[in-house]
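Enquirer: After the structure tokens below, expect a handful of questions from me.
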Amino acid sequence: MKKIVIDANIILNVWRMETDPSTGLRLYEASASLLESILNEDVAGILLTTTAMEILHCVRVNAEMSRKSADFAVRTAERDISRLGLQITIPDAGIMGLAYDLFRDFHLDPYDAILVAAAVSEKADALISRDTKLKKKTARLLPVFTPENFSV
Amino acid sequence: MGLKVNDLQALSDAFAPLKRPKKKDPDAVKKMLGRFKNIFPPEKSSAELVREMREKTIAR
């Protein structure tokens, strides 16, 4: 079974039913399909606790800005994430050490550095993200696929 | 200094809301579709939103 690390934007695609405004591509469809594959245990999906916090932070801040209950939104988001069958992973000292190297040598921002370090340390087959900046900076380190380009 | 068993338990408790429930929900992904459609600015992609959020957090 392949092992993948999930970036924050994949889960946000589904909650937002996001489409690409320039092409009309329904981004949420492939992201949801990938999460279904994880739920059905066709692929092992890893979500870092740091990524989970980023997702929840995004939900909290945007709920506050749209005058919705931020606490309720965060609790709902946590429940959704917990049901996906993801391997929730706390970055350990080894990951943080490698992250610091990547931060320094590849000029990754701290969050990307932890994400990529975890994917490398966990010997993941791929990192799944729609972030083109991340892909450009880390192409030499590991495969980064969009959900459309990754085959389970 | 190693990690203490009690510390491990505290860590486990901290992330309890993210632990998968014992009973699997086959409709878990379907239930997520559009859940937060109205709280995010539609003109920005999720990748952009996360990156902006990071930059603001780091700049604080």
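By convention in this document, the chains of the structure tokens carry letters A, B, ... by their order, each chain's residues are numbered from 1, and ligands are numbered from 1 in the order they are shown.
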I'd like the neighbourhood of Thr51 (chain A) as a compact mmCIF listing (two decimals) with C-alpha atoms, in the first residue's frame, where a residue qualifies if any of its atoms comes within 9 Å (using only C-alpha atoms), though same-chain residues fewer than 3 positions away should be ignored.
Expert:
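Result saved to part-v8.txt:
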# COMPACT_ATOMS: atom_id res chain seq x y z
CA ILE A 6 -1.57 15.25 2.89
CA ASP A 7 -1.19 19.02 2.72
CA ALA A 8 -3.76 21.39 4.22
CA LEU A 47 -1.69 14.15 8.44
CA LEU A 48 0.80 16.00 10.63
CA GLU A 54 -2.93 25.06 10.14
CA ILE A 55 -6.23 23.76 8.78
CA LEU A 56 -8.05 24.46 12.04
CA TYR A 111 5.70 24.84 7.99
CA LEU A 115 5.84 18.84 6.17
Enquirer: Quick one: residues within 10 Å of region 92-96 of chain A, only C-alpha atoms, excluding same-chain residues fewer than 6 positions away - as a ChimeraX atom specification?
Expert: /A:102,110,113-122
Enquirer: Based on the backbone DSSP call, show me all residues of chain B assigned helix (DSSP H, G or I), as a PyMOL selection string.
Expert: chain B and resi 5-14+16-18+28-32+46-59
Enquirer: Suppose we keep N, CA and C atoms; can you now write the selection as a short mmCIF file (atom, residue, chain, number, x, y, z; two decimals), in the first residue's frame?
Expert:
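Wrote part.cif, looks like this:
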data_model
loop_
_atom_site.label_atom_id
_atom_site.label_comp_id
_atom_site.auth_asym_id
_atom_site.auth_seq_id
_atom_site.Cartn_x
_atom_site.Cartn_y
_atom_site.Cartn_z
N VAL B 5 6.33 8.21 30.21
CA VAL B 5 5.05 7.58 29.86
C VAL B 5 3.89 8.55 30.14
N ASN B 6 3.98 9.26 31.26
CA ASN B 6 2.92 10.22 31.59
C ASN B 6 2.84 11.35 30.57
N ASP B 7 4.03 11.72 30.03
CA ASP B 7 4.04 12.75 29.00
C ASP B 7 3.36 12.25 27.73
N LEU B 8 3.62 10.96 27.43
CA LEU B 8 2.98 10.35 26.25
C LEU B 8 1.47 10.37 26.40
N GLN B 9 1.02 10.05 27.60
CA GLN B 9 -0.43 10.05 27.85
C GLN B 9 -1.00 11.45 27.67
N ALA B 10 -0.26 12.45 28.17
CA ALA B 10 -0.72 13.83 28.03
C ALA B 10 -0.80 14.23 26.56
N LEU B 11 0.20 13.79 25.78
CA LEU B 11 0.20 14.07 24.34
C LEU B 11 -1.01 13.43 23.67
N SER B 12 -1.25 12.18 24.05
CA SER B 12 -2.38 11.44 23.48
C SER B 12 -3.69 12.15 23.81
N ASP B 13 -3.81 12.62 25.05
CA ASP B 13 -5.03 13.34 25.46
C ASP B 13 -5.18 14.64 24.67
N ALA B 14 -4.03 15.31 24.44
CA ALA B 14 -4.08 16.60 23.74
C ALA B 14 -4.68 16.46 22.34
N ALA B 16 -6.73 14.06 21.35
CA ALA B 16 -7.92 13.21 21.38
C ALA B 16 -9.00 13.63 20.37
N PRO B 17 -9.23 14.96 20.16
CA PRO B 17 -10.28 15.33 19.20
C PRO B 17 -9.98 14.89 17.76
N LEU B 18 -8.71 14.59 17.48
CA LEU B 18 -8.34 14.19 16.11
C LEU B 18 -8.24 12.67 15.96
N ALA B 28 -18.08 9.60 5.60
CA ALA B 28 -17.32 10.69 6.21
C ALA B 28 -16.93 11.77 5.20
N VAL B 29 -16.47 11.38 4.03
CA VAL B 29 -16.02 12.37 3.04
C VAL B 29 -17.23 13.11 2.45
N LYS B 30 -18.28 12.37 2.15
CA LYS B 30 -19.50 13.02 1.59
C LYS B 30 -20.02 14.10 2.54
N LYS B 31 -19.95 13.81 3.84
CA LYS B 31 -20.46 14.78 4.82
C LYS B 31 -19.62 16.06 4.85
N MET B 32 -18.38 15.97 4.39
CA MET B 32 -17.50 17.15 4.41
C MET B 32 -17.78 18.11 3.25
N SER B 46 -7.25 27.60 -1.94
CA SER B 46 -6.89 27.12 -0.60
C SER B 46 -5.38 27.21 -0.37
N ALA B 47 -4.61 26.91 -1.42
CA ALA B 47 -3.15 27.00 -1.28
C ALA B 47 -2.75 28.44 -0.93
N GLU B 48 -3.39 29.41 -1.59
CA GLU B 48 -3.11 30.84 -1.31
C GLU B 48 -3.53 31.21 0.12
N LEU B 49 -4.72 30.74 0.50
CA LEU B 49 -5.23 31.06 1.84
C LEU B 49 -4.27 30.58 2.93
N VAL B 50 -3.81 29.34 2.78
CA VAL B 50 -2.91 28.77 3.80
C VAL B 50 -1.59 29.53 3.81
N ARG B 51 -1.08 29.84 2.62
CA ARG B 51 0.21 30.54 2.55
C ARG B 51 0.10 31.94 3.18
N GLU B 52 -0.99 32.63 2.90
CA GLU B 52 -1.19 33.96 3.49
C GLU B 52 -1.29 33.87 5.02
N MET B 53 -2.00 32.85 5.46
CA MET B 53 -2.17 32.65 6.92
C MET B 53 -0.80 32.43 7.58
N ARG B 54 0.04 31.61 6.92
CA ARG B 54 1.39 31.36 7.45
C ARG B 54 2.19 32.64 7.53
N GLU B 55 2.15 33.41 6.44
CA GLU B 55 2.96 34.64 6.40
C GLU B 55 2.53 35.61 7.50
N LYS B 56 1.20 35.69 7.72
CA LYS B 56 0.72 36.58 8.79
C LYS B 56 1.17 36.09 10.14
N THR B 57 1.10 34.76 10.36
CA THR B 57 1.48 34.19 11.64
C THR B 57 2.97 34.39 11.91
N ILE B 58 3.77 34.15 10.89
CA ILE B 58 5.23 34.30 11.06
C ILE B 58 5.60 35.76 11.29
N ALA B 59 4.87 36.67 10.63
CA ALA B 59 5.20 38.10 10.72
C ALA B 59 4.81 38.71 12.06
#
Enquirer: Tell me as a list in words which residues belonging to chain A come within 7 Å of chain B, counting only C-alpha atoms.
Expert: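 Residues of chain A within 7 Å of chain B, counting only C-alpha atoms: Asn9, Leu12, Asn13, Val14, Trp15, Arg16, Met17, Ala32, Leu35, Glu36, Cys58, Asn62, Ala63, Ser66, Glu78, Arg79, Asp80, Ile81, Ser82, Arg83, Leu84, Gly85, Arg130 and Asp131 of chain A.
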Enquirer: Once you have the residues from the selection above, write them out as a PDB file, in the first residue's frame, restricted to N, CA and C atoms.
Expert:
ATOM      1  N   ASN A   9      -4.262  22.122   1.940  1.00  0.00           N
ATOM      2  CA  ASN A   9      -5.192  22.567   0.886  1.00  0.00           C
ATOM      3  C   ASN A   9      -6.101  21.458   0.374  1.00  0.00           C
ATOM      4  N   LEU A  12      -9.137  21.417   2.650  1.00  0.00           N
ATOM      5  CA  LEU A  12      -9.892  22.661   2.419  1.00  0.00           C
ATOM      6  C   LEU A  12     -10.653  22.621   1.087  1.00  0.00           C
ATOM      7  N   ASN A  13     -10.054  21.996   0.051  1.00  0.00           N
ATOM      8  CA  ASN A  13     -10.749  21.856  -1.245  1.00  0.00           C
ATOM      9  C   ASN A  13     -12.138  21.262  -1.066  1.00  0.00           C
ATOM     10  N   VAL A  14     -12.219  20.235  -0.217  1.00  0.00           N
ATOM     11  CA  VAL A  14     -13.470  19.483  -0.059  1.00  0.00           C
ATOM     12  C   VAL A  14     -14.483  20.307   0.736  1.00  0.00           C
ATOM     13  N   TRP A  15     -14.052  20.896   1.828  1.00  0.00           N
ATOM     14  CA  TRP A  15     -14.962  21.715   2.639  1.00  0.00           C
ATOM     15  C   TRP A  15     -15.506  22.894   1.837  1.00  0.00           C
ATOM     16  N   ARG A  16     -14.674  23.440   0.954  1.00  0.00           N
ATOM     17  CA  ARG A  16     -15.071  24.636   0.204  1.00  0.00           C
ATOM     18  C   ARG A  16     -15.757  24.294  -1.125  1.00  0.00           C
ATOM     19  N   MET A  17     -15.778  23.031  -1.498  1.00  0.00           N
ATOM     20  CA  MET A  17     -16.228  22.594  -2.837  1.00  0.00           C
ATOM     21  C   MET A  17     -15.591  23.509  -3.887  1.00  0.00           C
ATOM     22  N   ALA A  32     -11.626  14.837  -2.860  1.00  0.00           N
ATOM     23  CA  ALA A  32     -12.570  13.971  -2.137  1.00  0.00           C
ATOM     24  C   ALA A  32     -12.316  12.510  -2.482  1.00  0.00           C
ATOM     25  N   LEU A  35      -9.394  11.317  -0.512  1.00  0.00           N
ATOM     26  CA  LEU A  35      -9.756  11.088   0.898  1.00  0.00           C
ATOM     27  C   LEU A  35     -10.604   9.815   1.038  1.00  0.00           C
ATOM     28  N   GLU A  36     -11.421   9.528   0.032  1.00  0.00           N
ATOM     29  CA  GLU A  36     -12.199   8.265   0.036  1.00  0.00           C
ATOM     30  C   GLU A  36     -11.246   7.062  -0.010  1.00  0.00           C
ATOM     31  N   CYS A  58      -7.043  28.111   9.950  1.00  0.00           N
ATOM     32  CA  CYS A  58      -7.701  28.702   8.777  1.00  0.00           C
ATOM     33  C   CYS A  58      -9.220  28.721   8.978  1.00  0.00           C
ATOM     34  N   ASN A  62     -11.329  32.306   9.515  1.00  0.00           N
ATOM     35  CA  ASN A  62     -12.344  32.646   8.509  1.00  0.00           C
ATOM     36  C   ASN A  62     -13.757  32.578   9.077  1.00  0.00           C
ATOM     37  N   ALA A  63     -13.983  31.696  10.047  1.00  0.00           N
ATOM     38  CA  ALA A  63     -15.294  31.662  10.718  1.00  0.00           C
ATOM     39  C   ALA A  63     -15.492  32.960  11.495  1.00  0.00           C
ATOM     40  N   SER A  66     -16.351  35.763   9.190  1.00  0.00           N
ATOM     41  CA  SER A  66     -17.710  35.716   8.623  1.00  0.00           C
ATOM     42  C   SER A  66     -18.774  35.651   9.732  1.00  0.00           C
ATOM     43  N   GLU A  78     -12.613  19.342  13.456  1.00  0.00           N
ATOM     44  CA  GLU A  78     -11.887  18.248  14.131  1.00  0.00           C
ATOM     45  C   GLU A  78     -12.607  16.914  13.931  1.00  0.00           C
ATOM     46  N   ARG A  79     -13.916  16.954  14.068  1.00  0.00           N
ATOM     47  CA  ARG A  79     -14.687  15.712  13.925  1.00  0.00           C
ATOM     48  C   ARG A  79     -14.568  15.176  12.499  1.00  0.00           C
ATOM     49  N   ASP A  80     -14.652  16.062  11.520  1.00  0.00           N
ATOM     50  CA  ASP A  80     -14.497  15.626  10.123  1.00  0.00           C
ATOM     51  C   ASP A  80     -13.128  14.979   9.906  1.00  0.00           C
ATOM     52  N   ILE A  81     -12.093  15.636  10.400  1.00  0.00           N
ATOM     53  CA  ILE A  81     -10.731  15.119  10.198  1.00  0.00           C
ATOM     54  C   ILE A  81     -10.582  13.752  10.878  1.00  0.00           C
ATOM     55  N   SER A  82     -11.117  13.636  12.083  1.00  0.00           N
ATOM     56  CA  SER A  82     -10.953  12.385  12.841  1.00  0.00           C
ATOM     57  C   SER A  82     -11.598  11.192  12.139  1.00  0.00           C
ATOM     58  N   ARG A  83     -12.631  11.463  11.350  1.00  0.00           N
ATOM     59  CA  ARG A  83     -13.377  10.375  10.699  1.00  0.00           C
ATOM     60  C   ARG A  83     -12.729   9.868   9.417  1.00  0.00           C
ATOM     61  N   LEU A  84     -11.667  10.533   8.960  1.00  0.00           N
ATOM     62  CA  LEU A  84     -11.098  10.202   7.650  1.00  0.00           C
ATOM     63  C   LEU A  84     -10.171   8.987   7.660  1.00  0.00           C
ATOM     64  N   GLY A  85      -9.804   8.518   8.849  1.00  0.00           N
ATOM     65  CA  GLY A  85      -8.891   7.375   8.909  1.00  0.00           C
ATOM     66  C   GLY A  85      -7.455   7.738   8.607  1.00  0.00           C
ATOM     67  N   ARG A 130      -1.556  21.088  -3.659  1.00  0.00           N
ATOM     68  CA  ARG A 130      -1.791  21.927  -4.840  1.00  0.00           C
ATOM     69  C   ARG A 130      -0.913  23.176  -4.793  1.00  0.00           C
ATOM     70  N   ASP A 131       0.000  23.221  -3.879  1.00  0.00           N
ATOM     71  CA  ASP A 131       0.842  24.399  -3.700  1.00  0.00           C
ATOM     72  C   ASP A 131       2.018  24.326  -4.679  1.00  0.00           C
TER      73      ASP A 131
END
Enquirer: So how many Å separate CA of Glu148 (chain A) and CA of Leu134 (chain A), to one decimal?
Expert: 16.8 Å
Enquirer: Considering only C-alpha atoms, state which residue in the set A:Ala73, A:Val59, A:Ala139, A:Leu86 is at the smallest distance from Val43 (chain A).
Expert: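 Ranked by minimum distance to Val43 (chain A), first place goes to A:Leu86.
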Enquirer: Do a neighbour search on Thr138 (chain A) at 9 Å with only C-alpha atoms, toss out local chain neighbours closer than 6 positions, and write the hits as a list in words.
Expert: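 Near Thr138 (chain A), the qualifying residues are Phe106, Leu108, Val116 and Val144 of chain A.
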Enquirer: Just write the chosen residues, C-alpha atoms, as a PDB file, in the first residue's frame.
Expert:
ATOM      1  CA  PHE A 106      16.296  24.830   0.681  1.00  0.00           C
ATOM      2  CA  LEU A 108      11.559  26.448   2.873  1.00  0.00           C
ATOM      3  CA  VAL A 116       8.581  17.788   3.754  1.00  0.00           C
ATOM      4  CA  VAL A 144       4.734  16.185  -5.002  1.00  0.00           C
TER       5      VAL A 144
END
Enquirer: Rounded to one decimal, what separation in Å do you get between CA of Ala44 (chain A) and CA of Asp101 (chain A)?
Expert: 26.4 Å
Enquirer: Skipping near chain neighbours, those fewer than 2 positions away, what residues fall within 8 Å of Lys3 (chain A) using only C-alpha atoms, listed as a list in words?
Expert: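 Listing them by chain and then by number gives Met1, Val5, Val43, Ala44, Gly45, Ile46, Lys123, Ala124, Asp125 and Ala126 of chain A.
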Enquirer: Kindly export the residues of the current selection with C-alpha atoms, as a PDB file, in the first residue's frame.
Expert:
ATOM      1  CA  MET A   1       0.000   0.000   0.000  1.00  0.00           C
ATOM      2  CA  VAL A   5       1.364  12.870   3.294  1.00  0.00           C
ATOM      3  CA  VAL A  43      -3.720   4.149   0.498  1.00  0.00           C
ATOM      4  CA  ALA A  44      -2.218   5.173   3.847  1.00  0.00           C
ATOM      5  CA  GLY A  45      -2.694   8.893   4.465  1.00  0.00           C
ATOM      6  CA  ILE A  46      -0.628  10.821   6.980  1.00  0.00           C
ATOM      7  CA  LYS A 123       9.482   7.286   3.551  1.00  0.00           C
ATOM      8  CA  ALA A 124       6.234   8.439   2.009  1.00  0.00           C
ATOM      9  CA  ASP A 125       5.670   7.717  -1.684  1.00  0.00           C
ATOM     10  CA  ALA A 126       4.455  11.251  -2.255  1.00  0.00           C
TER      11      ALA A 126
END
Enquirer: What separation in Å, quoted to one decimal, exists between CA of Ala30 (chain A) and CA of Thr76 (chain A)?
Expert: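 Interatomic distance, CA of Ala30 (chain A) to CA of Thr76 (chain A): 22.3 Å.
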